[in-house]
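Participant: What follows is the file query-v1.cif, containing mmCIF, C-alpha atoms (C1' of nucleotides):
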```cif
data_model
#
loop_
_atom_site.label_atom_id
_atom_site.label_comp_id
_atom_site.auth_asym_id
_atom_site.auth_seq_id
_atom_site.Cartn_x
_atom_site.Cartn_y
_atom_site.Cartn_z
CA MET F 1 -13.77 140.43 19.79
CA LEU F 2 -12.49 137.29 18.18
CA LYS F 3 -14.15 133.90 18.29
CA ASN F 4 -11.89 132.82 21.12
CA GLY F 5 -13.15 135.69 23.23
CA LYS F 6 -9.90 137.60 23.07
CA SER F 7 -9.73 141.13 21.77
CA VAL F 8 -7.60 142.23 18.90
CA LEU F 9 -5.39 145.10 19.78
CA LEU F 10 -3.96 147.42 17.22
CA ASP F 11 -0.84 149.35 18.01
CA VAL F 12 -0.42 152.22 15.60
CA ASN F 13 1.85 155.18 16.19
CA SER F 14 2.05 154.34 19.88
CA ARG F 15 -1.68 154.39 20.24
CA ARG F 16 -3.69 151.35 21.12
CA TYR F 17 -7.03 150.57 19.58
CA TYR F 18 -9.43 147.77 20.28
CA CYS F 19 -11.20 147.90 16.97
CA GLN F 20 -10.34 148.97 13.45
CA VAL F 21 -13.28 151.37 13.39
CA GLU F 22 -11.88 153.12 16.44
CA LEU F 23 -8.57 153.54 14.61
CA ALA F 24 -10.19 154.79 11.43
CA MET F 25 -12.32 157.33 13.26
CA ASP F 26 -9.28 158.57 15.14
CA LEU F 27 -7.51 159.19 11.84
CA LEU F 28 -10.44 160.74 10.00
CA GLY F 29 -12.45 162.27 12.82
CA GLY F 30 -12.67 165.86 13.81
CA LYS F 31 -14.48 168.70 12.16
CA TRP F 32 -12.37 169.12 9.04
CA LYS F 33 -10.39 166.06 7.95
CA GLY F 34 -13.25 164.48 6.05
CA VAL F 35 -14.02 167.69 4.21
CA ILE F 36 -10.39 168.27 3.26
CA LEU F 37 -10.04 164.76 1.91
CA TRP F 38 -13.29 165.15 0.06
CA TYR F 39 -12.08 168.27 -1.74
CA LEU F 40 -8.75 166.68 -2.54
CA GLN F 41 -10.41 163.74 -4.21
CA GLY F 42 -9.42 163.89 -7.84
CA ASP F 43 -7.92 167.35 -7.40
CA THR F 44 -4.55 168.80 -6.58
CA LEU F 45 -5.09 172.03 -4.71
CA ARG F 46 -2.98 174.80 -3.32
CA PHE F 47 -3.37 175.94 0.24
CA THR F 48 -5.34 179.02 -0.71
CA GLU F 49 -7.59 177.09 -3.05
CA LEU F 50 -8.51 174.72 -0.27
CA ARG F 51 -9.17 177.59 2.07
CA LYS F 52 -11.52 179.17 -0.42
CA ARG F 53 -13.46 175.98 -0.91
CA ILE F 54 -13.82 175.19 2.78
CA VAL F 55 -15.47 178.49 3.51
CA THR F 56 -15.55 178.46 7.28
CA ILE F 57 -12.24 176.87 8.21
CA SER F 58 -9.55 178.98 9.84
CA GLU F 59 -6.06 179.01 8.33
CA LYS F 60 -4.74 177.68 11.57
CA MET F 61 -6.91 174.60 11.48
CA LEU F 62 -6.41 174.00 7.79
CA ILE F 63 -2.66 173.88 8.25
CA ARG F 64 -2.83 171.69 11.30
CA GLU F 65 -5.18 169.20 9.68
CA LEU F 66 -3.09 169.10 6.50
CA ARG F 67 -0.02 168.32 8.58
CA GLU F 68 -1.77 165.51 10.39
CA LEU F 69 -3.14 164.01 7.22
CA GLU F 70 0.33 164.13 5.73
CA LYS F 71 1.81 162.51 8.81
CA ALA F 72 -0.82 159.80 8.56
CA GLY F 73 0.29 159.15 4.99
CA LEU F 74 -3.02 160.11 3.43
CA ILE F 75 -2.00 163.22 1.55
CA THR F 76 1.11 164.47 -0.22
CA ARG F 77 2.62 167.93 0.05
CA LYS F 78 4.62 169.31 -2.82
CA VAL F 79 6.54 172.54 -2.42
CA TYR F 80 7.64 174.64 -5.38
CA PRO F 81 10.67 176.84 -4.73
CA GLU F 82 9.00 180.02 -5.87
CA VAL F 83 8.09 183.40 -4.51
CA PRO F 84 5.41 183.88 -3.47
CA PRO F 85 5.34 180.30 -2.15
CA LYS F 86 3.45 177.58 -3.93
CA VAL F 87 2.46 174.39 -2.16
CA GLU F 88 0.21 171.75 -3.62
CA TYR F 89 -1.75 169.14 -1.74
CA SER F 90 -3.16 165.93 -3.15
CA LEU F 91 -4.19 162.48 -1.99
CA SER F 92 -1.35 160.00 -1.66
CA ASP F 93 -1.67 156.60 -3.30
CA PHE F 94 -2.85 155.21 -0.01
CA GLY F 95 -5.15 158.17 0.43
CA GLN F 96 -6.81 157.29 -2.86
CA THR F 97 -8.05 154.08 -1.27
CA LEU F 98 -10.38 156.31 0.72
CA ALA F 99 -12.53 156.79 -2.35
CA PRO F 100 -15.30 154.37 -1.36
CA LEU F 101 -15.31 155.66 2.20
CA LEU F 102 -15.54 159.27 1.10
CA SER F 103 -18.33 158.64 -1.30
CA ALA F 104 -20.24 156.66 1.31
CA VAL F 105 -19.84 159.54 3.74
CA SER F 106 -20.96 162.02 1.13
CA ASP F 107 -23.97 159.90 0.17
CA PHE F 108 -24.97 159.57 3.78
CA GLY F 109 -24.62 163.29 4.41
CA MET F 110 -26.74 164.04 1.38
CA SER F 111 -29.52 161.63 2.19
CA TYR F 112 -29.58 162.81 5.79
CA ALA F 113 -29.90 166.39 4.64
CA LEU F 114 -32.68 165.46 2.23
CA LYS F 115 -34.52 163.59 4.94
CA PHE F 116 -34.13 165.94 7.89
CA GLY F 117 -32.89 169.26 6.63
CA GLN F 118 -33.66 172.19 4.45
CA GLN F 119 -31.47 173.07 1.56
CA VAL F 120 -30.69 176.68 0.91
CA GLU F 121 -28.76 178.39 -1.82
CA GLU F 122 -26.92 181.57 -1.09
CA MET J 1 -19.77 174.57 -4.60
CA LEU J 2 -22.30 174.36 -7.36
CA LYS J 3 -21.64 175.02 -11.03
CA ASN J 4 -22.99 178.53 -10.69
CA GLY J 5 -20.37 179.29 -8.07
CA LYS J 6 -22.83 179.46 -5.23
CA SER J 7 -22.48 177.30 -2.18
CA VAL J 8 -25.08 174.86 -1.04
CA LEU J 9 -26.07 175.37 2.53
CA LEU J 10 -27.63 172.69 4.58
CA ASP J 11 -29.72 173.58 7.57
CA VAL J 12 -30.18 170.59 9.80
CA ASN J 13 -31.30 170.76 13.41
CA SER J 14 -30.50 174.47 13.51
CA ARG J 15 -26.96 173.87 12.38
CA ARG J 16 -25.60 175.12 9.13
CA TYR J 17 -23.25 173.12 6.96
CA TYR J 18 -21.54 174.05 3.75
CA CYS J 19 -20.98 170.53 2.57
CA GLN J 20 -22.64 167.17 3.06
CA VAL J 21 -19.39 165.65 4.29
CA GLU J 22 -19.23 168.25 7.03
CA LEU J 23 -22.73 167.27 8.10
CA ALA J 24 -21.99 163.56 8.02
CA MET J 25 -18.82 163.93 10.05
CA ASP J 26 -20.66 166.01 12.59
CA LEU J 27 -23.20 163.23 13.03
CA LEU J 28 -20.75 160.35 13.09
CA GLY J 29 -17.62 161.96 14.46
CA GLY J 30 -16.18 161.70 17.89
CA LYS J 31 -14.40 158.86 19.55
CA TRP J 32 -17.24 156.40 19.94
CA LYS J 33 -20.18 156.83 17.54
CA GLY J 34 -18.57 154.88 14.74
CA VAL J 35 -17.69 152.00 17.02
CA ILE J 36 -21.16 151.87 18.53
CA LEU J 37 -22.80 151.79 15.12
CA TRP J 38 -20.34 149.16 14.01
CA TYR J 39 -21.27 146.86 16.88
CA LEU J 40 -24.97 147.44 16.34
CA GLN J 41 -24.74 146.41 12.72
CA GLY J 42 -26.80 143.28 12.39
CA ASP J 43 -27.17 142.98 16.16
CA THR J 44 -29.60 144.11 18.76
CA LEU J 45 -27.69 144.69 21.96
CA ARG J 46 -28.47 145.63 25.52
CA PHE J 47 -26.68 148.45 27.22
CA THR J 48 -24.43 146.13 29.19
CA GLU J 49 -23.62 144.02 26.16
CA LEU J 50 -22.44 147.08 24.30
CA ARG J 51 -20.37 148.19 27.24
CA LYS J 52 -18.66 144.82 27.38
CA ARG J 53 -17.83 144.87 23.69
CA ILE J 54 -16.50 148.41 23.66
CA VAL J 55 -13.93 147.67 26.31
CA THR J 56 -12.61 151.12 27.09
CA ILE J 57 -15.73 153.27 26.92
CA SER J 58 -17.13 154.77 30.10
CA GLU J 59 -20.80 154.24 30.93
CA LYS J 60 -21.26 157.97 30.87
CA MET J 61 -20.07 158.30 27.30
CA LEU J 62 -21.90 155.22 26.11
CA ILE J 63 -25.19 156.59 27.32
CA ARG J 64 -24.57 160.03 25.93
CA GLU J 65 -23.58 158.73 22.52
CA LEU J 66 -26.55 156.37 22.40
CA ARG J 67 -28.86 159.28 23.16
CA GLU J 68 -27.36 161.38 20.41
CA LEU J 69 -27.53 158.59 17.88
CA GLU J 70 -31.15 158.05 18.81
CA LYS J 71 -31.91 161.75 18.47
CA ALA J 72 -30.23 161.70 15.06
CA GLY J 73 -32.59 158.90 14.05
CA LEU J 74 -29.85 156.35 13.50
CA ILE J 75 -30.63 153.93 16.28
CA THR J 76 -33.73 152.69 18.05
CA ARG J 77 -34.16 152.24 21.77
CA LYS J 78 -36.58 149.67 23.07
CA VAL J 79 -37.42 149.52 26.75
CA TYR J 80 -38.89 146.44 28.39
CA PRO J 81 -40.90 147.09 31.56
CA GLU J 82 -38.96 144.64 33.67
CA VAL J 83 -36.83 144.66 36.76
CA PRO J 84 -33.93 144.79 36.55
CA PRO J 85 -34.31 147.07 33.56
CA LYS J 86 -33.85 145.80 30.03
CA VAL J 87 -33.14 148.17 27.18
CA GLU J 88 -32.25 147.09 23.70
CA TYR J 89 -30.48 149.14 21.07
CA SER J 90 -30.45 148.50 17.35
CA LEU J 91 -29.98 150.36 14.08
CA SER J 92 -33.07 152.12 12.81
CA ASP J 93 -34.17 151.59 9.23
CA PHE J 94 -32.35 154.74 8.29
CA GLY J 95 -29.36 153.67 10.35
CA GLN J 96 -29.17 150.51 8.26
CA THR J 97 -28.31 152.65 5.27
CA LEU J 98 -24.98 153.23 6.99
CA ALA J 99 -23.90 149.71 6.05
CA PRO J 100 -21.66 150.70 3.13
CA LEU J 101 -20.17 153.56 5.10
CA LEU J 102 -19.42 151.38 8.09
CA SER J 103 -17.82 148.68 6.07
CA ALA J 104 -15.71 151.21 4.20
CA VAL J 105 -14.56 152.65 7.52
CA SER J 106 -13.79 149.20 8.86
CA ASP J 107 -11.89 148.24 5.70
CA PHE J 108 -9.87 151.40 5.86
CA GLY J 109 -9.03 150.92 9.53
CA MET J 110 -7.94 147.38 8.85
CA SER J 111 -5.74 148.19 5.91
CA TYR J 112 -4.21 151.11 7.76
CA ALA J 113 -3.40 148.84 10.69
CA LEU J 114 -1.90 146.24 8.39
CA LYS J 115 0.20 148.84 6.68
CA PHE J 116 1.41 150.91 9.60
CA GLY J 117 0.66 149.04 12.80
CA GLN J 118 1.36 145.94 14.75
CA GLN J 119 -1.38 143.55 15.68
CA VAL J 120 -1.41 142.06 19.14
CA GLU J 121 -3.65 139.55 20.80
CA GLU J 122 -4.25 139.72 24.49
"C1'" DG O 1 -32.42 142.61 55.75
"C1'" DG O 2 -28.71 142.85 52.66
"C1'" DA O 3 -26.39 142.06 48.31
"C1'" DA O 4 -26.78 141.95 43.38
"C1'" DG O 5 -28.26 143.21 38.92
"C1'" DT O 6 -29.52 146.92 35.22
"C1'" DA O 7 -29.65 151.19 33.15
"C1'" DC O 8 -29.02 154.95 34.20
"C1'" DT O 9 -28.13 160.57 36.44
"C1'" DG O 10 -25.35 164.44 38.14
"C1'" DA O 11 -21.31 167.02 39.74
"C1'" DT O 12 -17.01 167.87 38.71
"C1'" DA O 13 -12.48 167.59 36.52
"C1'" DT O 14 -9.40 167.19 32.73
"C1'" DA O 15 -8.05 166.87 28.01
"C1'" DT O 16 -8.42 167.92 23.44
"C1'" DA O 17 -10.17 170.58 19.61
"C1'" DT O 18 -10.93 174.71 17.61
"C1'" DG O 19 -10.81 179.77 17.05
"C1'" DT O 20 -8.72 184.63 17.00
"C1'" DC O 21 -5.31 187.57 16.31
"C1'" DA O 22 -0.92 189.29 15.21
"C1'" DG O 23 3.14 188.61 12.78
"C1'" DT O 24 6.91 186.81 9.19
"C1'" DA O 25 9.95 185.83 4.87
"C1'" DG O 26 11.11 186.88 0.46
"C1'" DC O 27 10.15 188.51 -3.83
"C1'" DT O 28 7.28 191.50 -7.26
"C1'" DG O 29 5.40 195.50 -9.13
"C1'" DC O 30 4.46 200.31 -8.61
"C1'" DG U 1 10.40 202.16 -0.21
"C1'" DC U 2 6.07 200.34 0.39
"C1'" DA U 3 2.07 197.38 -0.40
"C1'" DG U 4 0.75 192.88 -1.81
"C1'" DC U 5 1.05 188.00 -2.44
"C1'" DT U 6 1.52 183.12 -0.30
"C1'" DA U 7 2.00 179.82 3.07
"C1'" DC U 8 2.74 179.73 6.94
"C1'" DT U 9 4.06 180.25 12.85
"C1'" DG U 10 3.11 181.28 17.75
"C1'" DA U 11 0.64 183.06 21.79
"C1'" DC U 12 -3.41 182.92 23.74
"C1'" DA U 13 -8.44 182.14 24.64
"C1'" DT U 14 -12.49 179.45 24.43
"C1'" DA U 15 -15.41 175.60 23.46
"C1'" DT U 16 -16.33 170.97 23.28
"C1'" DA U 17 -15.37 166.17 24.28
"C1'" DT U 18 -14.29 162.84 27.36
"C1'" DA U 19 -13.27 160.83 31.98
"C1'" DT U 20 -13.97 159.85 37.02
"C1'" DC U 21 -16.59 159.08 40.70
"C1'" DA U 22 -20.53 158.65 43.50
"C1'" DG U 23 -25.16 157.63 43.74
"C1'" DT U 24 -30.22 155.82 42.58
"C1'" DA U 25 -34.70 152.93 41.74
"C1'" DC U 26 -36.79 148.76 41.73
"C1'" DT U 27 -36.98 144.08 42.23
"C1'" DT U 28 -35.18 139.26 43.09
"C1'" DC U 29 -32.77 135.98 45.55
"C1'" DC U 30 -30.55 134.33 49.63
#
```
For this file, produce the structure as structure tokens.
Facilitator:
Amino acid sequence: MLKNGKSVLLDVNSRRYYCQVELAMDLLGGKWKGVILWYLQGDTLRFTELRKRIVTISEKMLIRELRELEKAGLITRKVYPEVPPKVEYSLSDFGQTLAPLLSAVSDFGMSYALKFGQQVEE
Amino acid sequence: MLKNGKSVLLDVNSRRYYCQVELAMDLLGGKWKGVILWYLQGDTLRFTELRKRIVTISEKMLIRELRELEKAGLITRKVYPEVPPKVEYSLSDFGQTLAPLLSAVSDFGMSYALKFGQQVEE
DNA sequence: GGAAGTACTGATATATATGTCAGTAGCTGC
DNA sequence: GCAGCTACTGACATATATATCAGTACTTCC
């Protein structure tokens, strides 16, 4: 809410949000988007490389999430005209501005795990 | 992945995560948790006050999310033995450590809206 | 005695997210 | 000519998240 008691509305891609946090969580939420962005930080990765790093994701979901992140302007997809196919994913310039967010998320996850969880190596 | 090629597993509340970002997003994800935490930053709010601020949330969801955030140790619930009931919600000490995360999320949402959206006042 | 206020609960419905499985194109190497 | 590689696609099933609606307890105030 603003000082005058009115609410700020954000219209983005035909969706309406009442708060910038709502918008951000809609873009980054879900089970995998954060993880994908995290692995793409500072790295350019091929589809298969991403799949190997994100152990438990299904190919189906990985593709879908990559498409959505691309549509949102956060990542870039580069196709090489080769056989077998080669496609590289990386953060877009705008996606790079996620750096502080991603490291805050990572820090939080880590300190939560240290506080409440057990850590196991396999 | 660690340097030795092994993956770090996190066991938290009987759930297994392969990455701290995955854990964090599981705790904070969904449509409302981020917004709730955002409004509780620096404020202690009653149930009804929260509901008024988060215009479009249903009571059902607000209660459920508050319960989960409490269970996760991120917020504190204080009940006053009065009639009509009075219950106050605020960030726990640990929840306060979300400050940098929340402001990064808010900043990102704002800059995304400025870049791709229209802003409307109602 | 009846309405109003607060913080809920529960049943049920719907929507969205995620998973599983099978299959494909085009080239390479055997 | 057949398997293998890569980055996918589509049909379908299931799980989870979210919404809608009705109702409740206890007190105060009129």
Participant: Using only C-alpha atoms (C1' of nucleotides) and a cutoff of 12 Å, can you tell me which residues are near (-7.0, 169.3, 25.7) in the file's coordinates, and write them out as a list in words?
Facilitator: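 Nearby residues: DT14, DA15, DT16, DA17 and DT18 of chain O; DT14, DA15, DT16, DA17 and DT18 of chain U.
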Participant: Starting from the point (-11.8, 145.7, 6.4), work out which residues of protein, DNA or RNA have an atom no more than 12 Å away when counting only C-alpha atoms (C1' of nucleotides); state them as number ranges by chain.
Facilitator: F: 19-21, 23-24, 97, 101; J: 38, 100-114
Participant: Using only C-alpha atoms (C1' of nucleotides), determine which residues lie at most 12 Å from stretch 2-8 of chain O, disregarding the query and same-chain residues fewer than 6 positions distant; provide the list as a PyMOL selection string.
Facilitator: (chain J and resi 46-49+51+59-64+67+79-88) or (chain U and resi 23-30)
Participant: Please, can I see chain J fitted onto chain F by all in-order Cα atoms (least squares), as a PDB file with C-alpha atoms, in the coordinates of the input?
Facilitator:
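Final file, result.pdb:
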```pdb
ATOM      1  CA  MET J   1     -13.666 140.402  19.582  1.00  0.00           C
ATOM      2  CA  LEU J   2     -12.320 137.301  17.958  1.00  0.00           C
ATOM      3  CA  LYS J   3     -13.966 133.890  17.983  1.00  0.00           C
ATOM      4  CA  ASN J   4     -11.755 132.793  20.841  1.00  0.00           C
ATOM      5  CA  GLY J   5     -13.093 135.619  22.969  1.00  0.00           C
ATOM      6  CA  LYS J   6      -9.874 137.565  22.936  1.00  0.00           C
ATOM      7  CA  SER J   7      -9.724 141.116  21.728  1.00  0.00           C
ATOM      8  CA  VAL J   8      -7.583 142.264  18.880  1.00  0.00           C
ATOM      9  CA  LEU J   9      -5.380 145.143  19.800  1.00  0.00           C
ATOM     10  CA  LEU J  10      -3.947 147.459  17.271  1.00  0.00           C
ATOM     11  CA  ASP J  11      -0.838 149.414  18.053  1.00  0.00           C
ATOM     12  CA  VAL J  12      -0.425 152.264  15.639  1.00  0.00           C
ATOM     13  CA  ASN J  13       1.825 155.251  16.213  1.00  0.00           C
ATOM     14  CA  SER J  14       2.047 154.406  19.907  1.00  0.00           C
ATOM     15  CA  ARG J  15      -1.699 154.432  20.272  1.00  0.00           C
ATOM     16  CA  ARG J  16      -3.699 151.401  21.160  1.00  0.00           C
ATOM     17  CA  TYR J  17      -7.049 150.603  19.621  1.00  0.00           C
ATOM     18  CA  TYR J  18      -9.434 147.794  20.339  1.00  0.00           C
ATOM     19  CA  CYS J  19     -11.203 147.927  17.030  1.00  0.00           C
ATOM     20  CA  GLN J  20     -10.361 148.993  13.503  1.00  0.00           C
ATOM     21  CA  VAL J  21     -13.294 151.397  13.439  1.00  0.00           C
ATOM     22  CA  GLU J  22     -11.895 153.158  16.478  1.00  0.00           C
ATOM     23  CA  LEU J  23      -8.595 153.571  14.661  1.00  0.00           C
ATOM     24  CA  ALA J  24     -10.214 154.817  11.476  1.00  0.00           C
ATOM     25  CA  MET J  25     -12.343 157.358  13.298  1.00  0.00           C
ATOM     26  CA  ASP J  26      -9.316 158.598  15.159  1.00  0.00           C
ATOM     27  CA  LEU J  27      -7.545 159.221  11.865  1.00  0.00           C
ATOM     28  CA  LEU J  28     -10.470 160.767  10.035  1.00  0.00           C
ATOM     29  CA  GLY J  29     -12.473 162.312  12.840  1.00  0.00           C
ATOM     30  CA  GLY J  30     -12.722 165.902  13.819  1.00  0.00           C
ATOM     31  CA  LYS J  31     -14.500 168.739  12.153  1.00  0.00           C
ATOM     32  CA  TRP J  32     -12.392 169.144   9.045  1.00  0.00           C
ATOM     33  CA  LYS J  33     -10.396 166.076   7.954  1.00  0.00           C
ATOM     34  CA  GLY J  34     -13.267 164.500   6.080  1.00  0.00           C
ATOM     35  CA  VAL J  35     -14.032 167.696   4.217  1.00  0.00           C
ATOM     36  CA  ILE J  36     -10.405 168.260   3.288  1.00  0.00           C
ATOM     37  CA  LEU J  37     -10.052 164.744   1.935  1.00  0.00           C
ATOM     38  CA  TRP J  38     -13.310 165.140   0.083  1.00  0.00           C
ATOM     39  CA  TYR J  39     -12.087 168.251  -1.713  1.00  0.00           C
ATOM     40  CA  LEU J  40      -8.749 166.657  -2.511  1.00  0.00           C
ATOM     41  CA  GLN J  41     -10.405 163.703  -4.170  1.00  0.00           C
ATOM     42  CA  GLY J  42      -9.410 163.845  -7.795  1.00  0.00           C
ATOM     43  CA  ASP J  43      -7.907 167.310  -7.372  1.00  0.00           C
ATOM     44  CA  THR J  44      -4.557 168.749  -6.565  1.00  0.00           C
ATOM     45  CA  LEU J  45      -5.101 171.987  -4.709  1.00  0.00           C
ATOM     46  CA  ARG J  46      -2.987 174.776  -3.327  1.00  0.00           C
ATOM     47  CA  PHE J  47      -3.361 175.920   0.222  1.00  0.00           C
ATOM     48  CA  THR J  48      -5.337 179.000  -0.744  1.00  0.00           C
ATOM     49  CA  GLU J  49      -7.594 177.063  -3.077  1.00  0.00           C
ATOM     50  CA  LEU J  50      -8.525 174.711  -0.281  1.00  0.00           C
ATOM     51  CA  ARG J  51      -9.169 177.587   2.058  1.00  0.00           C
ATOM     52  CA  LYS J  52     -11.515 179.173  -0.449  1.00  0.00           C
ATOM     53  CA  ARG J  53     -13.473 175.973  -0.933  1.00  0.00           C
ATOM     54  CA  ILE J  54     -13.820 175.193   2.751  1.00  0.00           C
ATOM     55  CA  VAL J  55     -15.473 178.493   3.491  1.00  0.00           C
ATOM     56  CA  THR J  56     -15.566 178.482   7.265  1.00  0.00           C
ATOM     57  CA  ILE J  57     -12.246 176.892   8.181  1.00  0.00           C
ATOM     58  CA  SER J  58      -9.553 179.007   9.792  1.00  0.00           C
ATOM     59  CA  GLU J  59      -6.066 179.019   8.281  1.00  0.00           C
ATOM     60  CA  LYS J  60      -4.744 177.708  11.546  1.00  0.00           C
ATOM     61  CA  MET J  61      -6.921 174.622  11.463  1.00  0.00           C
ATOM     62  CA  LEU J  62      -6.407 174.017   7.773  1.00  0.00           C
ATOM     63  CA  ILE J  63      -2.672 173.891   8.216  1.00  0.00           C
ATOM     64  CA  ARG J  64      -2.843 171.715  11.279  1.00  0.00           C
ATOM     65  CA  GLU J  65      -5.189 169.225   9.668  1.00  0.00           C
ATOM     66  CA  LEU J  66      -3.106 169.099   6.498  1.00  0.00           C
ATOM     67  CA  ARG J  67      -0.031 168.332   8.580  1.00  0.00           C
ATOM     68  CA  GLU J  68      -1.783 165.535  10.405  1.00  0.00           C
ATOM     69  CA  LEU J  69      -3.151 164.022   7.234  1.00  0.00           C
ATOM     70  CA  GLU J  70       0.321 164.142   5.752  1.00  0.00           C
ATOM     71  CA  LYS J  71       1.817 162.508   8.830  1.00  0.00           C
ATOM     72  CA  ALA J  72      -0.848 159.807   8.594  1.00  0.00           C
ATOM     73  CA  GLY J  73       0.277 159.149   5.026  1.00  0.00           C
ATOM     74  CA  LEU J  74      -3.032 160.106   3.461  1.00  0.00           C
ATOM     75  CA  ILE J  75      -2.005 163.207   1.585  1.00  0.00           C
ATOM     76  CA  THR J  76       1.096 164.443  -0.187  1.00  0.00           C
ATOM     77  CA  ARG J  77       2.600 167.892   0.067  1.00  0.00           C
ATOM     78  CA  LYS J  78       4.598 169.271  -2.807  1.00  0.00           C
ATOM     79  CA  VAL J  79       6.537 172.490  -2.420  1.00  0.00           C
ATOM     80  CA  TYR J  80       7.654 174.575  -5.377  1.00  0.00           C
ATOM     81  CA  PRO J  81      10.690 176.789  -4.749  1.00  0.00           C
ATOM     82  CA  GLU J  82       9.010 179.960  -5.906  1.00  0.00           C
ATOM     83  CA  VAL J  83       8.090 183.323  -4.517  1.00  0.00           C
ATOM     84  CA  PRO J  84       5.411 183.812  -3.492  1.00  0.00           C
ATOM     85  CA  PRO J  85       5.337 180.272  -2.171  1.00  0.00           C
ATOM     86  CA  LYS J  86       3.442 177.531  -3.955  1.00  0.00           C
ATOM     87  CA  VAL J  87       2.444 174.363  -2.163  1.00  0.00           C
ATOM     88  CA  GLU J  88       0.220 171.717  -3.621  1.00  0.00           C
ATOM     89  CA  TYR J  89      -1.751 169.113  -1.727  1.00  0.00           C
ATOM     90  CA  SER J  90      -3.160 165.898  -3.115  1.00  0.00           C
ATOM     91  CA  LEU J  91      -4.204 162.440  -1.962  1.00  0.00           C
ATOM     92  CA  SER J  92      -1.371 159.966  -1.634  1.00  0.00           C
ATOM     93  CA  ASP J  93      -1.677 156.565  -3.260  1.00  0.00           C
ATOM     94  CA  PHE J  94      -2.866 155.189   0.028  1.00  0.00           C
ATOM     95  CA  GLY J  95      -5.178 158.153   0.473  1.00  0.00           C
ATOM     96  CA  GLN J  96      -6.821 157.247  -2.824  1.00  0.00           C
ATOM     97  CA  THR J  97      -8.059 154.059  -1.225  1.00  0.00           C
ATOM     98  CA  LEU J  98     -10.384 156.290   0.775  1.00  0.00           C
ATOM     99  CA  ALA J  99     -12.548 156.772  -2.311  1.00  0.00           C
ATOM    100  CA  PRO J 100     -15.306 154.343  -1.301  1.00  0.00           C
ATOM    101  CA  LEU J 101     -15.308 155.648   2.246  1.00  0.00           C
ATOM    102  CA  LEU J 102     -15.547 159.249   1.138  1.00  0.00           C
ATOM    103  CA  SER J 103     -18.337 158.618  -1.259  1.00  0.00           C
ATOM    104  CA  ALA J 104     -20.250 156.649   1.353  1.00  0.00           C
ATOM    105  CA  VAL J 105     -19.849 159.545   3.776  1.00  0.00           C
ATOM    106  CA  SER J 106     -20.963 162.024   1.148  1.00  0.00           C
ATOM    107  CA  ASP J 107     -23.972 159.887   0.202  1.00  0.00           C
ATOM    108  CA  PHE J 108     -24.979 159.569   3.805  1.00  0.00           C
ATOM    109  CA  GLY J 109     -24.655 163.297   4.437  1.00  0.00           C
ATOM    110  CA  MET J 110     -26.748 164.027   1.392  1.00  0.00           C
ATOM    111  CA  SER J 111     -29.520 161.625   2.220  1.00  0.00           C
ATOM    112  CA  TYR J 112     -29.583 162.811   5.808  1.00  0.00           C
ATOM    113  CA  ALA J 113     -29.919 166.400   4.624  1.00  0.00           C
ATOM    114  CA  LEU J 114     -32.686 165.455   2.226  1.00  0.00           C
ATOM    115  CA  LYS J 115     -34.519 163.610   4.933  1.00  0.00           C
ATOM    116  CA  PHE J 116     -34.149 165.961   7.868  1.00  0.00           C
ATOM    117  CA  GLY J 117     -32.875 169.287   6.599  1.00  0.00           C
ATOM    118  CA  GLN J 118     -33.639 172.202   4.403  1.00  0.00           C
ATOM    119  CA  GLN J 119     -31.427 173.107   1.509  1.00  0.00           C
ATOM    120  CA  VAL J 120     -30.630 176.735   0.882  1.00  0.00           C
ATOM    121  CA  GLU J 121     -28.663 178.472  -1.799  1.00  0.00           C
ATOM    122  CA  GLU J 122     -26.860 181.662  -1.038  1.00  0.00           C
TER     123      GLU J 122
END
```
Participant: Just to confirm, what's the straight-line distance from atom CA of F:Leu37 to atom CA of J:Ala72 in Å (one decimal)?
Facilitator: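 These atoms are spaced 24.3 Å apart.
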Participant: Record the distance separating atom CA of J:Gln96 and atom CA of J:Lys71, expressed in Å with one decimal.
Facilitator: 15.4 Å
Participant: Once you count all atoms listed in the file, what closest atom pair and distance in Å to one decimal does each residue of chain O within 10 Å of chain F have, with rows by chain and rising residue number, as CSV?
Facilitator:
```
residue,atom,partner,partner_atom,distance
O:DA17,C1',F:Gly30,CA,7.9
O:DT18,C1',F:Met61,CA,7.3
O:DG19,C1',F:Ser58,CA,7.4
O:DT20,C1',F:Ser58,CA,9.2
O:DA25,C1',F:Pro84,CA,9.7
O:DG26,C1',F:Val83,CA,6.8
O:DC27,C1',F:Val83,CA,5.6
O:DT28,C1',F:Val83,CA,8.6
```
Participant: Distance cut-off 8 Å, counting all atoms listed in the file - which residues of chain U neighbour chain F? Return them as a CSV table (one decimal) with C-alpha atoms (C1' of nucleotides), in the frame of the given file.
Facilitator:
```
chain,number,residue,atom,x,y,z
U,5,DC,C1',1.0,188.0,-2.4
U,6,DT,C1',1.5,183.1,-0.3
U,7,DA,C1',2.0,179.8,3.1
```
Participant: Quick one: residues within 12 Å of O:DA13, all atoms listed in the file, excluding same-chain residues fewer than 6 positions away - as number ranges by chain?
Facilitator: U: 18-21
Participant: The PyMOL selection byres ((chain J and resi 42) around 10) on the file shown: which residues, as a PyMOL selection string?
Facilitator: chain J and resi 37-41+43-45+90-91+96+99
Participant: Which one is closest to chain J: F:Val12, F:Thr56, F:Phe94, F:Tyr18? Count only C-alpha atoms.
Facilitator: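 Of the candidates, the smallest distance to chain J is held by F:Val12.
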Participant: In Å, with one decimal, what is the gap from atom CA of J:Tyr17 to atom C1' of U:DC8?
Facilitator: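 Computed distance, atom CA of J:Tyr17 to atom C1' of U:DC8, equals 26.8 Å.
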Participant: Of the candidates F:Tyr89, F:Asn13, F:Arg77, F:Leu50, which one gets nearest to chain J if we count all atoms listed in the file?
Facilitator: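 Selected residue with least distance to chain J: F:Asn13.
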